[in-house]
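Right, one structure below, let's go through it.
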Amino acid sequence: MSDPSAPPVTVVPDDPHRPDVLALLDEHLADMYATTPAESVHALDPSALAAPGLTFWTARGAAGELLGCAALKELSAAGGELKSMRTATAARGRGVGATMLAHVLTVAGDRGYRTLHLETGAEDYFAAARRLYERAGFVPCPPFGDYRPDPLSVFYRLDLPTA
């Protein structure tokens with residue numbers, strides 16, 4: 001839950017090739033490769049985040065500072081996958097992740113998706129992310145899409161309300 005006294009966070013579509021976003025994505029990829037063997041890293045690079053079928057957003061503070069990012073990949077007309085969710089180190093603990101997740105869930109619902117999936121790491125490093133997703137109602141599920149079973153991955157699914 002976000003702190004009502006915290007400065008506002010705005011989530012907007014953005015270009016993953018902007019310099020500040022590139023720095024955040026570089027940090028994200030570096031952390032993924034530092035904590036997980038390469039064959040178990042499923043993070044997308046900036047070019048993949050700009051591909052058709054993906055929507056990429058950044059969360060920014062009142063002064064325009066980059067607080068985080070998230071992406072939504074369409075898997076089918078009925079569902080999508082949360083990708084590249086990252087909160088900037090300096091913004092952690094301020095509700096940025098919850099704000100971005102709420103935004104993605106709203107967009108997924110507006111698109112008529114019935115399900116939203118995600119993959120995240122099983123290591124302790126990813127515990128806070130798993131707690132965030134579980135608080136939002138995501139439940140563990142088998143691998144989906146092109147994913148294969150991996151002891152270093154946790155797969156989640158959220159059934160979205162239908163209109």
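Chain labels run A, B, ... following the order of the structure tokens; each chain numbers its residues from 1, and ligands are numbered from 1 in the order shown.
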
Counting only C-alpha atoms, which residues of range 103-126 of chain A fall within 12 Å of range 10-22 of chain A, and what is the closest atom pair for each with its distance in Å at one decimal, ordered by chain and rising number, as a Markdown table?
| residue | atom | partner | partner_atom | distance |
| --- | --- | --- | --- | --- |
| A:His103 | CA | A:Val11 | CA | 7.3 |
| A:Val104 | CA | A:Val11 | CA | 9.5 |
| A:Thr106 | CA | A:Val11 | CA | 11.8 |
| A:Val107 | CA | A:Pro13 | CA | 11.4 |

Selection file, C-alpha atoms, as a compact mmCIF listing (two decimals), in the first residue's frame:
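What follows is the written file out-v9.txt:
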# COMPACT_ATOMS: atom_id res chain seq x y z
CA HIS A 103 -1.88 0.46 -13.43
CA VAL A 104 -1.01 -2.68 -15.40
CA THR A 106 -6.31 -1.72 -14.87
CA VAL A 107 -5.02 -1.71 -18.45

| request: With a distance cut-off of 10 Å and only C-alpha atoms, select the neighbouring residues of range 59-71 of chain A, excluding the residue or stretch itself and same-chain residues fewer than 3 positions from it, and output the selection as a PyMOL selection string. | output: chain A and resi 6-14+16+20-21+24-25+44+49-50+54-56+74+81-92+94+96-97+99-101+103-104

| query | Which residue out of A:Gly53, A:Gly93, A:Gly109, A:Gly121 has the minimum interatomic distance to Val41 in chain A when only C-alpha atoms are used? | reply |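 Distance minimum relative to Val41 in chain A lands on A:Gly121.
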
| query | What residues in chain A get the DSSP label strand (DSSP E)? Please answer as a PyMOL selection string. | reply | chain A and resi 10-13+54-60+66-76+79-87+115-121+139-140+153-159

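Minimum atom-to-atom distances from A:Asp124, A:Asp146, A:Glu27, A:Asp159 to Gly112 in chain A were compared using only C-alpha atoms, and the lowest value belongs to A:Asp159.
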